[in-house]
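Colleague: Structure: model-v7.cif, mmCIF, C-alpha atoms.
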data_input
loop_
_atom_site.label_atom_id
_atom_site.label_comp_id
_atom_site.auth_asym_id
_atom_site.auth_seq_id
_atom_site.Cartn_x
_atom_site.Cartn_y
_atom_site.Cartn_z
CA MET A 27 15.40 -51.13 -61.91
CA THR A 28 13.76 -47.71 -62.04
CA ARG A 29 15.70 -45.01 -60.22
CA PRO A 30 13.83 -43.61 -57.21
CA GLY A 31 13.98 -40.05 -58.64
CA ARG A 32 12.40 -41.13 -61.88
CA GLU A 33 9.68 -43.04 -60.05
CA ALA A 34 8.88 -40.00 -57.85
CA GLY A 35 8.71 -37.84 -60.99
CA ARG A 36 6.31 -40.30 -62.59
CA GLN A 37 4.07 -40.20 -59.53
CA THR A 38 4.08 -36.40 -59.40
CA ARG A 39 3.19 -36.29 -63.07
CA ALA A 40 0.27 -38.71 -62.58
CA ALA A 41 -0.94 -36.79 -59.51
CA LEU A 42 -0.86 -33.49 -61.41
CA ARG A 43 -2.81 -35.04 -64.27
CA GLU A 44 -5.48 -36.35 -61.89
CA ALA A 45 -5.75 -32.99 -60.14
CA ALA A 46 -6.00 -31.18 -63.50
CA LEU A 47 -8.60 -33.62 -64.80
CA ALA A 48 -10.84 -33.06 -61.78
CA LEU A 49 -10.57 -29.26 -61.98
CA PHE A 50 -11.03 -29.08 -65.76
CA VAL A 51 -14.04 -31.41 -65.77
CA GLU A 52 -15.64 -29.29 -63.06
CA GLN A 53 -14.79 -25.79 -64.28
CA GLY A 54 -13.76 -26.04 -67.96
CA TYR A 55 -10.47 -24.87 -69.45
CA GLU A 56 -10.46 -21.11 -68.92
CA PRO A 57 -10.85 -20.56 -65.16
CA VAL A 58 -8.36 -23.26 -64.06
CA THR A 59 -4.85 -21.90 -63.35
CA MET A 60 -1.54 -23.78 -63.22
CA ALA A 61 -1.26 -22.61 -59.60
CA ALA A 62 -4.64 -24.14 -58.71
CA ILE A 63 -3.60 -27.46 -60.25
CA ALA A 64 -0.24 -27.52 -58.46
CA ASN A 65 -1.92 -26.46 -55.24
CA GLN A 66 -4.07 -29.61 -55.26
CA ILE A 67 -0.98 -31.74 -54.70
CA GLY A 68 0.87 -29.21 -52.51
CA GLY A 69 3.24 -28.40 -55.38
CA TYR A 70 4.29 -25.43 -57.50
CA PRO A 71 3.17 -24.17 -60.94
CA ASN A 72 6.63 -24.79 -62.43
CA GLN A 73 6.08 -28.51 -61.80
CA VAL A 74 3.19 -28.37 -64.27
CA THR A 75 5.46 -26.72 -66.82
CA HIS A 76 8.23 -29.21 -66.11
CA HIS A 77 6.01 -32.26 -66.59
CA PHE A 78 3.61 -31.11 -69.30
CA GLY A 79 5.14 -28.07 -71.00
CA SER A 80 1.98 -25.96 -70.91
CA LYS A 81 -1.56 -25.73 -69.57
CA ASP A 82 -2.86 -26.55 -73.07
CA ALA A 83 -0.81 -29.73 -73.29
CA LEU A 84 -1.97 -30.82 -69.85
CA PHE A 85 -5.58 -30.05 -70.79
CA ALA A 86 -5.28 -32.13 -73.97
CA GLU A 87 -3.76 -35.08 -72.13
CA ALA A 88 -6.25 -34.92 -69.25
CA SER A 89 -9.20 -34.66 -71.65
CA GLY A 90 -8.07 -37.82 -73.44
CA LEU A 91 -7.96 -39.63 -70.12
CA ALA A 92 -11.39 -38.21 -69.18
CA ILE A 93 -13.16 -39.43 -72.32
CA LEU A 94 -11.51 -42.88 -72.14
CA ARG A 95 -12.81 -43.25 -68.60
CA ALA A 96 -16.27 -42.04 -69.59
CA ALA A 97 -16.22 -44.67 -72.35
CA ARG A 98 -15.29 -47.39 -69.86
CA HIS A 99 -18.07 -46.34 -67.48
CA ALA A 100 -20.55 -46.36 -70.34
CA GLU A 101 -19.52 -49.89 -71.31
CA GLN A 102 -19.88 -51.00 -67.69
CA ALA A 103 -23.39 -49.50 -67.56
CA ALA A 104 -24.32 -51.34 -70.75
CA VAL A 105 -22.86 -54.72 -69.85
CA HIS A 106 -26.20 -56.26 -68.89
CA ALA A 107 -28.12 -54.93 -71.89
CA ASP A 108 -30.30 -57.67 -73.37
CA SER A 109 -30.30 -56.48 -76.96
CA ILE A 110 -27.99 -54.50 -79.18
CA GLU A 111 -30.63 -51.73 -79.32
CA SER A 112 -30.66 -51.41 -75.57
CA HIS A 113 -26.84 -51.57 -75.53
CA ALA A 114 -26.62 -48.57 -77.89
CA ARG A 115 -29.19 -46.58 -75.90
CA ILE A 116 -27.42 -47.19 -72.56
CA LEU A 117 -24.03 -46.17 -73.99
CA ILE A 118 -25.46 -42.91 -75.34
CA ALA A 119 -27.40 -42.16 -72.13
CA SER A 120 -24.26 -42.65 -70.05
CA LEU A 121 -22.01 -40.54 -72.31
CA LEU A 122 -24.55 -37.69 -72.41
CA GLY A 123 -25.41 -38.11 -68.71
CA PRO A 124 -22.64 -38.75 -66.14
CA GLY A 125 -20.01 -38.71 -68.92
CA ALA A 126 -21.15 -35.49 -70.61
CA SER A 127 -18.58 -33.18 -68.98
CA SER A 128 -15.76 -35.49 -70.05
CA VAL A 129 -17.01 -35.73 -73.63
CA MET A 130 -17.40 -31.93 -73.80
CA MET A 131 -13.90 -31.49 -72.36
CA PHE A 132 -12.45 -33.70 -75.10
CA ALA A 133 -14.49 -31.81 -77.73
CA GLU A 134 -12.98 -28.55 -76.45
CA ALA A 135 -9.45 -30.01 -76.65
CA MET A 136 -10.14 -31.20 -80.23
CA LEU A 137 -11.13 -27.67 -81.30
CA MET A 138 -8.12 -26.22 -79.49
CA ALA A 139 -5.82 -28.51 -81.47
CA ARG A 140 -6.99 -26.85 -84.67
CA ASN A 141 -4.69 -23.87 -84.11
CA LYS A 142 -2.19 -25.63 -81.86
CA ALA A 143 -0.58 -28.42 -83.82
CA ALA A 144 1.52 -29.39 -80.79
CA LEU A 145 -1.63 -30.75 -79.12
CA ARG A 146 -2.50 -33.07 -81.99
CA PRO A 147 -0.39 -36.13 -81.16
CA SER A 148 -1.97 -36.34 -77.72
CA ILE A 149 -5.54 -35.93 -79.05
CA GLN A 150 -4.89 -38.29 -81.94
CA SER A 151 -3.58 -40.93 -79.59
CA ALA A 152 -6.69 -40.67 -77.36
CA LEU A 153 -8.93 -40.84 -80.42
CA ASP A 154 -7.11 -43.91 -81.74
CA ARG A 155 -7.44 -45.56 -78.36
CA LEU A 156 -11.14 -44.64 -78.16
CA HIS A 157 -11.70 -46.28 -81.54
CA ALA A 158 -9.55 -49.33 -80.71
CA VAL A 159 -11.13 -49.94 -77.30
CA GLY A 160 -14.63 -49.35 -78.72
CA GLU A 161 -14.02 -51.81 -81.52
CA ALA A 162 -12.59 -54.48 -79.18
CA THR A 163 -15.46 -54.08 -76.71
CA LEU A 164 -18.03 -54.23 -79.48
CA LEU A 165 -16.46 -57.43 -80.85
CA GLU A 166 -16.45 -58.96 -77.38
CA THR A 167 -20.10 -57.92 -76.78
CA LEU A 168 -21.21 -59.33 -80.14
CA SER A 169 -19.47 -62.63 -79.57
CA ARG A 170 -20.72 -63.00 -75.99
CA HIS A 171 -24.37 -62.47 -77.02
CA ARG A 172 -24.04 -63.94 -80.51
CA TRP A 173 -25.43 -60.66 -81.84
CA LYS A 174 -24.62 -59.80 -85.42
CA ILE A 175 -23.98 -56.50 -87.16
CA ARG A 176 -23.78 -55.61 -90.79
CA THR A 177 -20.97 -53.09 -90.94
CA SER A 178 -17.48 -53.77 -89.59
CA PRO A 179 -17.06 -53.05 -85.87
CA GLU A 180 -14.46 -50.43 -86.83
CA MET A 181 -16.97 -48.50 -88.93
CA VAL A 182 -19.74 -48.76 -86.32
CA THR A 183 -17.33 -47.48 -83.66
CA ARG A 184 -16.16 -44.54 -85.79
CA ALA A 185 -19.73 -43.50 -86.67
CA PHE A 186 -20.72 -43.91 -83.02
CA TRP A 187 -18.01 -41.59 -81.66
CA ALA A 188 -18.55 -38.92 -84.32
CA SER A 189 -22.25 -38.89 -83.39
CA VAL A 190 -21.68 -38.84 -79.63
CA LEU A 191 -19.24 -35.91 -79.94
CA GLY A 192 -21.82 -34.03 -82.01
CA LEU A 193 -24.57 -34.79 -79.49
CA ALA A 194 -22.34 -33.53 -76.67
CA LEU A 195 -21.96 -30.22 -78.53
CA GLU A 196 -25.73 -30.05 -78.89
CA LYS A 197 -26.12 -30.70 -75.19
CA ALA A 198 -23.48 -28.05 -74.32
CA ALA A 199 -25.37 -25.51 -76.43
CA THR A 200 -28.87 -26.28 -75.24
CA GLY A 201 -28.43 -27.41 -71.63
CA ASP A 202 -31.70 -28.52 -70.09
CA ALA A 203 -33.50 -27.84 -73.37
CA PHE A 204 -31.48 -30.65 -75.04
CA GLU A 205 -33.80 -32.53 -77.34
CA HIS A 206 -33.62 -36.22 -76.69
CA GLN A 207 -34.95 -36.74 -80.20
CA SER A 208 -31.39 -36.16 -81.38
CA ALA A 209 -29.96 -38.85 -79.11
CA GLU A 210 -32.73 -41.21 -80.19
CA ALA A 211 -31.98 -40.44 -83.84
CA VAL A 212 -28.35 -41.45 -83.31
CA ALA A 213 -29.33 -44.61 -81.42
CA LEU A 214 -31.66 -45.44 -84.28
CA SER A 215 -28.95 -44.99 -86.90
CA MET A 216 -26.68 -47.33 -84.89
CA MET A 217 -29.46 -49.91 -84.61
CA ASN A 218 -30.23 -49.81 -88.27
CA LEU A 219 -26.60 -50.59 -88.99
CA ASN A 220 -27.27 -53.79 -87.11
CA GLN A 221 -30.78 -54.76 -88.10
CA ASP A 222 -29.98 -54.42 -91.74
CA TYR A 223 -27.25 -57.03 -91.40
CA ILE A 224 -29.59 -59.50 -89.75
CA ALA A 225 -32.11 -58.95 -92.55
CA LYS A 226 -29.44 -59.68 -95.13
CA ILE A 227 -27.86 -62.77 -93.65
CA GLU A 228 -30.94 -64.61 -92.40
CA MET B 23 -43.01 2.68 -93.71
CA THR B 24 -39.71 1.96 -92.03
CA ARG B 25 -38.01 5.05 -90.67
CA PRO B 26 -34.76 5.83 -92.50
CA GLY B 27 -32.77 5.67 -89.22
CA ARG B 28 -34.02 2.22 -88.46
CA GLU B 29 -33.24 1.03 -91.96
CA ALA B 30 -29.69 2.42 -91.75
CA GLY B 31 -29.27 0.70 -88.40
CA ARG B 32 -30.44 -2.58 -89.90
CA GLN B 33 -27.93 -2.23 -92.73
CA THR B 34 -25.07 -1.43 -90.33
CA ARG B 35 -25.99 -4.46 -88.25
CA ALA B 36 -26.01 -6.73 -91.30
CA ALA B 37 -22.69 -5.31 -92.55
CA LEU B 38 -21.06 -5.85 -89.15
CA ARG B 39 -22.32 -9.42 -89.07
CA GLU B 40 -20.89 -10.13 -92.54
CA ALA B 41 -17.55 -8.56 -91.60
CA ALA B 42 -17.44 -10.56 -88.37
CA LEU B 43 -18.37 -13.79 -90.15
CA ALA B 44 -15.52 -13.40 -92.64
CA LEU B 45 -12.93 -12.61 -89.95
CA PHE B 46 -14.09 -15.36 -87.57
CA VAL B 47 -14.19 -18.03 -90.28
CA GLU B 48 -10.67 -17.08 -91.31
CA GLN B 49 -9.02 -16.58 -87.90
CA GLY B 50 -11.25 -18.24 -85.27
CA TYR B 51 -12.76 -16.54 -82.22
CA GLU B 52 -9.77 -15.49 -80.14
CA PRO B 53 -7.64 -13.24 -82.38
CA VAL B 54 -10.52 -11.19 -83.83
CA THR B 55 -11.12 -7.90 -82.00
CA MET B 56 -14.25 -5.71 -81.98
CA ALA B 57 -12.07 -2.93 -83.45
CA ALA B 58 -11.01 -5.16 -86.37
CA ILE B 59 -14.67 -6.00 -87.10
CA ALA B 60 -15.79 -2.37 -86.96
CA ASN B 61 -12.79 -1.34 -89.02
CA GLN B 62 -13.97 -3.54 -91.92
CA ILE B 63 -16.99 -1.28 -92.41
CA GLY B 64 -15.25 1.97 -91.45
CA GLY B 65 -17.07 2.01 -88.13
CA TYR B 66 -16.31 1.99 -84.41
CA PRO B 67 -16.15 -0.82 -81.82
CA ASN B 68 -19.08 0.68 -79.88
CA GLN B 69 -21.28 -0.02 -82.91
CA VAL B 70 -20.61 -3.74 -82.36
CA THR B 71 -21.65 -3.40 -78.73
CA HIS B 72 -24.70 -1.36 -79.70
CA HIS B 73 -25.96 -3.88 -82.25
CA PHE B 74 -24.91 -7.19 -80.69
CA GLY B 75 -24.17 -6.58 -77.03
CA SER B 76 -20.86 -8.45 -76.98
CA LYS B 77 -18.24 -10.17 -79.13
CA ASP B 78 -19.56 -13.54 -77.91
CA ALA B 79 -23.09 -12.77 -79.00
CA LEU B 80 -21.90 -11.60 -82.40
CA PHE B 81 -19.77 -14.75 -82.74
CA ALA B 82 -22.76 -16.96 -81.90
CA GLU B 83 -25.02 -15.22 -84.39
CA ALA B 84 -22.39 -15.16 -87.16
CA SER B 85 -21.59 -18.84 -86.61
CA GLY B 86 -25.25 -19.76 -87.05
CA LEU B 87 -25.31 -17.87 -90.33
CA ALA B 88 -22.04 -19.54 -91.39
CA ILE B 89 -23.26 -23.09 -90.85
CA LEU B 90 -26.62 -22.41 -92.53
CA ARG B 91 -24.76 -21.15 -95.60
CA ALA B 92 -22.40 -24.13 -95.56
CA ALA B 93 -25.49 -26.37 -95.43
CA ARG B 94 -27.00 -24.58 -98.44
CA HIS B 95 -23.77 -24.91 -100.44
CA ALA B 96 -23.58 -28.61 -99.58
CA GLU B 97 -27.17 -29.13 -100.81
CA GLN B 98 -26.32 -27.28 -104.03
CA ALA B 99 -23.27 -29.50 -104.55
CA ALA B 100 -25.42 -32.60 -104.04
CA VAL B 101 -28.34 -31.57 -106.22
CA HIS B 102 -27.29 -33.73 -109.18
CA ALA B 103 -26.48 -36.84 -107.14
CA ASP B 104 -27.92 -39.92 -108.82
CA SER B 105 -28.47 -42.00 -105.71
CA ILE B 106 -29.16 -41.35 -102.07
CA GLU B 107 -25.73 -42.86 -101.24
CA SER B 108 -23.98 -40.41 -103.51
CA HIS B 109 -26.15 -37.59 -102.10
CA ALA B 110 -24.99 -38.38 -98.53
CA ARG B 111 -21.33 -38.62 -99.57
CA ILE B 112 -21.40 -35.28 -101.42
CA LEU B 113 -23.06 -33.50 -98.47
CA ILE B 114 -20.40 -34.80 -96.07
CA ALA B 115 -17.51 -34.04 -98.45
CA SER B 116 -18.73 -30.46 -98.86
CA LEU B 117 -19.30 -29.86 -95.13
CA LEU B 118 -15.85 -31.25 -94.23
CA GLY B 119 -14.21 -29.59 -97.25
CA PRO B 120 -15.16 -26.01 -98.23
CA GLY B 121 -17.66 -25.85 -95.34
CA ALA B 122 -15.33 -27.17 -92.63
CA SER B 123 -14.35 -23.79 -91.15
CA SER B 124 -18.02 -22.82 -90.83
CA VAL B 125 -18.96 -26.10 -89.15
CA MET B 126 -16.01 -25.77 -86.75
CA MET B 127 -17.00 -22.18 -86.00
CA PHE B 128 -20.51 -23.29 -85.06
CA ALA B 129 -19.06 -26.14 -82.95
CA GLU B 130 -16.95 -23.58 -81.08
CA ALA B 131 -20.01 -21.39 -80.46
CA MET B 132 -21.96 -24.42 -79.19
CA LEU B 133 -19.25 -25.18 -76.61
CA MET B 134 -19.07 -21.51 -75.65
CA ALA B 135 -22.81 -21.51 -74.91
CA ARG B 136 -22.23 -24.13 -72.23
CA ASN B 137 -21.05 -21.51 -69.75
CA LYS B 138 -22.78 -18.54 -71.34
CA ALA B 139 -26.51 -19.14 -71.23
CA ALA B 140 -27.14 -15.80 -72.97
CA LEU B 141 -25.77 -17.31 -76.21
CA ARG B 142 -28.17 -20.25 -76.18
CA PRO B 143 -31.24 -18.73 -77.85
CA SER B 144 -29.16 -17.71 -80.86
CA ILE B 145 -27.46 -21.14 -81.16
CA GLN B 146 -30.74 -22.96 -80.53
CA SER B 147 -32.44 -20.98 -83.25
CA ALA B 148 -29.67 -21.79 -85.78
CA LEU B 149 -29.82 -25.46 -84.79
CA ASP B 150 -33.61 -25.54 -85.19
CA ARG B 151 -33.30 -23.93 -88.58
CA LEU B 152 -30.55 -26.35 -89.61
CA HIS B 153 -32.82 -29.26 -88.70
CA ALA B 154 -35.90 -27.72 -90.33
CA VAL B 155 -34.13 -26.80 -93.58
CA GLY B 156 -32.37 -30.18 -93.69
CA GLU B 157 -35.64 -32.00 -93.21
CA ALA B 158 -37.45 -29.95 -95.87
CA THR B 159 -34.62 -30.40 -98.37
CA LEU B 160 -34.46 -34.13 -97.69
CA LEU B 161 -38.22 -34.44 -98.25
CA GLU B 162 -37.95 -32.50 -101.49
CA THR B 163 -34.99 -34.62 -102.66
CA LEU B 164 -36.78 -37.87 -101.84
CA SER B 165 -39.92 -36.83 -103.63
CA ARG B 166 -38.06 -35.53 -106.71
CA HIS B 167 -36.14 -38.80 -107.16
CA ARG B 168 -38.81 -41.06 -105.72
CA TRP B 169 -36.16 -42.32 -103.28
CA LYS B 170 -37.41 -43.88 -100.07
CA ILE B 171 -36.01 -43.91 -96.54
CA ARG B 172 -36.88 -45.93 -93.52
CA THR B 173 -36.65 -43.47 -90.68
CA SER B 174 -38.47 -40.15 -90.61
CA PRO B 175 -36.65 -37.30 -92.40
CA GLU B 176 -36.52 -35.50 -89.04
CA MET B 177 -34.58 -38.34 -87.43
CA VAL B 178 -32.24 -38.76 -90.41
CA THR B 179 -31.52 -35.02 -90.34
CA ARG B 180 -30.82 -34.98 -86.60
CA ALA B 181 -28.48 -37.97 -86.78
CA PHE B 182 -26.79 -36.43 -89.82
CA TRP B 183 -25.98 -33.12 -88.11
CA ALA B 184 -24.79 -34.73 -84.89
CA SER B 185 -22.40 -36.87 -86.95
CA VAL B 186 -21.16 -34.00 -89.13
CA LEU B 187 -20.43 -31.84 -86.07
CA GLY B 188 -18.47 -34.74 -84.54
CA LEU B 189 -16.55 -35.28 -87.78
CA ALA B 190 -15.68 -31.57 -87.90
CA LEU B 191 -14.18 -31.87 -84.39
CA GLU B 192 -12.17 -34.85 -85.56
CA LYS B 193 -10.95 -32.88 -88.55
CA ALA B 194 -10.07 -29.87 -86.35
CA ALA B 195 -8.00 -32.14 -84.09
CA THR B 196 -6.21 -34.12 -86.77
CA GLY B 197 -5.83 -31.66 -89.67
CA ASP B 198 -4.29 -33.31 -92.72
CA ALA B 199 -4.12 -36.62 -90.87
CA PHE B 200 -7.97 -36.75 -90.77
CA GLU B 201 -9.03 -40.30 -91.41
CA HIS B 202 -11.61 -40.44 -94.15
CA GLN B 203 -12.68 -43.80 -92.75
CA SER B 204 -14.64 -41.82 -90.18
CA ALA B 205 -16.49 -39.80 -92.82
CA GLU B 206 -17.18 -42.98 -94.74
CA ALA B 207 -18.48 -44.65 -91.57
CA VAL B 208 -20.97 -41.81 -91.11
CA ALA B 209 -22.02 -41.91 -94.77
CA LEU B 210 -22.54 -45.65 -94.39
CA SER B 211 -24.71 -45.23 -91.30
CA MET B 212 -26.87 -42.71 -93.20
CA MET B 213 -27.17 -45.06 -96.16
CA ASN B 214 -28.14 -47.99 -94.02
CA LEU B 215 -30.96 -45.91 -92.60
CA ASN B 216 -32.20 -45.79 -96.15
CA GLN B 217 -31.42 -49.22 -97.54
CA ASP B 218 -33.04 -50.89 -94.61
CA TYR B 219 -36.30 -49.15 -95.43
CA ILE B 220 -36.21 -50.31 -99.02
CA ALA B 221 -35.58 -53.86 -97.83
CA LYS B 222 -38.60 -53.65 -95.55
CA ILE B 223 -41.16 -52.12 -97.87
CA GLU B 224 -40.36 -53.94 -101.09
#
How would this structure read if it were set down as structure tokens?

Modeller:
Amino acid sequence: MTRPGREAGRQTRAALREAALALFVEQGYEPVTMAAIANQIGGYPNQVTHHFGSKDALFAEASGLAILRAARHAEQAAVHADSIESHARILIASLLGPGASSVMMFAEAMLMARNKAALRPSIQSALDRLHAVGEATLLETLSRHRWKIRTSPEMVTRAFWASVLGLALEKAATGDAFEHQSAEAVALSMMNLNQDYIAKIE
Amino acid sequence: MTRPGREAGRQTRAALREAALALFVEQGYEPVTMAAIANQIGGYPNQVTHHFGSKDALFAEASGLAILRAARHAEQAAVHADSIESHARILIASLLGPGASSVMMFAEAMLMARNKAALRPSIQSALDRLHAVGEATLLETLSRHRWKIRTSPEMVTRAFWASVLGLALEKAATGDAFEHQSAEAVALSMMNLNQDYIAKIE
């Protein structure tokens, strides 16, 4: 049995992470203070330090959670796609639309980890999970529709996430002037990975 | 004729930009001060403000220059590639190897522009140039080798840069643990863009 104290601590930790996630997604890293995060749950800044060690570490962990959720929402949006082309386009539109802030937040945490090695395990674990979940979902989607792809689902998933992170940077930098040609170019490169396979096996 | 004062100003501006580029590539945005930049050319911090307006604006401009140079070095490294597959792999290896700091610097500037709209024109102009130069070089490479691709050079170039920026984030976050599978997945997606074309036209 879990001790009541430990369970309460676990709940406080989860509540702080949710509060941080919401504030960071809305405002970005810089303006959010430990006090503002603690305040959301009627707590104190030292609770953030106690549970996460630092604002950076909390940001890294929350950003991993944010991008994993954005990925799940994108998959849900794409579940009724009637072709693998349409599936790729819906995923990208969701991740650069409603999911864009979450993808940008994770991109910021990735860059932060460059000079803060302590953040890496958390980012690496989110990235591994992103790849694993993406690969599993792709396999499930392919088998449900009897769609075929040429490259291994692992490789498609890795190329997909590298591209989406790059597109999110482009969107961060250009705002409303974001050129959808770039998103279409990525969708096209994903599709060609697939079409080529069909051409070869049929 | 250019007035001597204007010419001297132009030279000071260029020297400051070079000094800033070197310091930023080496140390990242945060630790570099205006004083340290000015000091490199025996000048004063107010010269940075005079010529660039702010540290942010100088960072954005220097990062655009950095990634354009990294792109040129990558093309030079790939000039003797004997297939389009090898060409793609050499470009990626160069941009994630010797060019990695420059690509990460540009990625950081892109994210910074999200909340600082004043930086966008400078980033947008570097991005446009990156796409235009990439497209022109790709066209030249294709015509020199009589290689063929399926998608338009513009689309290949856009997908390429989105992927490389995403890979640079992954490298920033994982350091020595960077999984080359991801780079290979991107190279593969670029190649398939090409092979598919050959399959269709021959």

Colleague: Going by the chain IDs and residue numbers used in this file, which residues fall under the PyMOL selection byres ((chain A) within 7 of (chain B))? Write them as a PyMOL selection string.

Modeller: chain A and resi 133+136-137+139-140+146+149-150+181-182+184-185+188-189+191-193+195-196+198-200+208+211-212+215+218-219+222

Colleague: Quick one: everything within 8 Å of stretch 64-80 of chain A, counting all atoms listed in the file, minus sequence neighbours fewer than 2 positions away in the same chain. Send it as a ChimeraX atom specification.

Modeller: /A:39,41-42,45,60-62,82-84

Colleague: Which value, in Å to one decimal, gives the distance between atom CA of A:Ala162 and atom CA of B:Asp198?

Modeller: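 Going from atom CA of A:Ala162 over to atom CA of B:Asp198 covers 26.5 Å.
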
Colleague: What gap, in Å, lies between atom CA of A:Gly31 and atom CA of A:Ile63?

Modeller: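 Interatomic distance here is 21.7 Å.
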
Colleague: Which residue is closest to A:Lys174? Choose from A:Ile110, A:Ile116, A:Leu94, A:Leu122 and count only C-alpha atoms.

Modeller: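 Of the candidates, the smallest distance to A:Lys174 is held by A:Ile110.
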
Colleague: With all atoms listed in the file as the counted atoms, please give the residues lying no more than 12 Å from B:Glu40, apart from itself and same-chain residues fewer than 4 positions off, as a PyMOL selection string.

Modeller: chain B and resi 33-36+44-47+59-60+62-63+80-81+83-88

Colleague: Just the selected residues (C-alpha atoms), exported as an mmCIF file, in the frame of the given file, please.

Modeller:
data_model
loop_
_atom_site.group_PDB
_atom_site.id
_atom_site.type_symbol
_atom_site.label_atom_id
_atom_site.label_comp_id
_atom_site.auth_asym_id
_atom_site.auth_seq_id
_atom_site.Cartn_x
_atom_site.Cartn_y
_atom_site.Cartn_z
ATOM 1 C CA GLN B 33 -27.930 -2.230 -92.730
ATOM 2 C CA THR B 34 -25.070 -1.430 -90.330
ATOM 3 C CA ARG B 35 -25.990 -4.460 -88.250
ATOM 4 C CA ALA B 36 -26.010 -6.730 -91.300
ATOM 5 C CA ALA B 44 -15.520 -13.400 -92.640
ATOM 6 C CA LEU B 45 -12.930 -12.610 -89.950
ATOM 7 C CA PHE B 46 -14.090 -15.360 -87.570
ATOM 8 C CA VAL B 47 -14.190 -18.030 -90.280
ATOM 9 C CA ILE B 59 -14.670 -6.000 -87.100
ATOM 10 C CA ALA B 60 -15.790 -2.370 -86.960
ATOM 11 C CA GLN B 62 -13.970 -3.540 -91.920
ATOM 12 C CA ILE B 63 -16.990 -1.280 -92.410
ATOM 13 C CA LEU B 80 -21.900 -11.600 -82.400
ATOM 14 C CA PHE B 81 -19.770 -14.750 -82.740
ATOM 15 C CA GLU B 83 -25.020 -15.220 -84.390
ATOM 16 C CA ALA B 84 -22.390 -15.160 -87.160
ATOM 17 C CA SER B 85 -21.590 -18.840 -86.610
ATOM 18 C CA GLY B 86 -25.250 -19.760 -87.050
ATOM 19 C CA LEU B 87 -25.310 -17.870 -90.330
ATOM 20 C CA ALA B 88 -22.040 -19.540 -91.390
#

Colleague: Enter the distance from atom CA of A:Val129 to atom CA of A:Gly160, in Å, rounded to one decimal.

Modeller: 14.7 Å

Colleague: Nearest to B:Leu43: which of B:Pro175, B:Ser108, B:Ser123, B:His95 is it, counting all atoms listed in the file?

Modeller: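 Among the listed residues, the smallest separation from B:Leu43 belongs to B:Ser123.
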
Colleague: Anything within 12 Å of (-19.1, -47.4, -70.2): list those residues as a ChimeraX atom specification, counting all atoms listed in the file and sticking to the file's coordinates.

Modeller: /A:93-107,113-125,156,159-160,163-164

Colleague: For the residues in the current selection, export C-alpha atoms as a tab-separated table (two decimals), in the frame of the given file.

Modeller:
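What landed in result00.tsv:
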chain	number	residue	atom	x	y	z
A	93	ILE	CA	-13.16	-39.43	-72.32
A	94	LEU	CA	-11.51	-42.88	-72.14
A	95	ARG	CA	-12.81	-43.25	-68.60
A	96	ALA	CA	-16.27	-42.04	-69.59
A	97	ALA	CA	-16.22	-44.67	-72.35
A	98	ARG	CA	-15.29	-47.39	-69.86
A	99	HIS	CA	-18.07	-46.34	-67.48
A	100	ALA	CA	-20.55	-46.36	-70.34
A	101	GLU	CA	-19.52	-49.89	-71.31
A	102	GLN	CA	-19.88	-51.00	-67.69
A	103	ALA	CA	-23.39	-49.50	-67.56
A	104	ALA	CA	-24.32	-51.34	-70.75
A	105	VAL	CA	-22.86	-54.72	-69.85
A	106	HIS	CA	-26.20	-56.26	-68.89
A	107	ALA	CA	-28.12	-54.93	-71.89
A	113	HIS	CA	-26.84	-51.57	-75.53
A	114	ALA	CA	-26.62	-48.57	-77.89
A	115	ARG	CA	-29.19	-46.58	-75.90
A	116	ILE	CA	-27.42	-47.19	-72.56
A	117	LEU	CA	-24.03	-46.17	-73.99
A	118	ILE	CA	-25.46	-42.91	-75.34
A	119	ALA	CA	-27.40	-42.16	-72.13
A	120	SER	CA	-24.26	-42.65	-70.05
A	121	LEU	CA	-22.01	-40.54	-72.31
A	122	LEU	CA	-24.55	-37.69	-72.41
A	123	GLY	CA	-25.41	-38.11	-68.71
A	124	PRO	CA	-22.64	-38.75	-66.14
A	125	GLY	CA	-20.01	-38.71	-68.92
A	156	LEU	CA	-11.14	-44.64	-78.16
A	159	VAL	CA	-11.13	-49.94	-77.30
A	160	GLY	CA	-14.63	-49.35	-78.72
A	163	THR	CA	-15.46	-54.08	-76.71
A	164	LEU	CA	-18.03	-54.23	-79.48
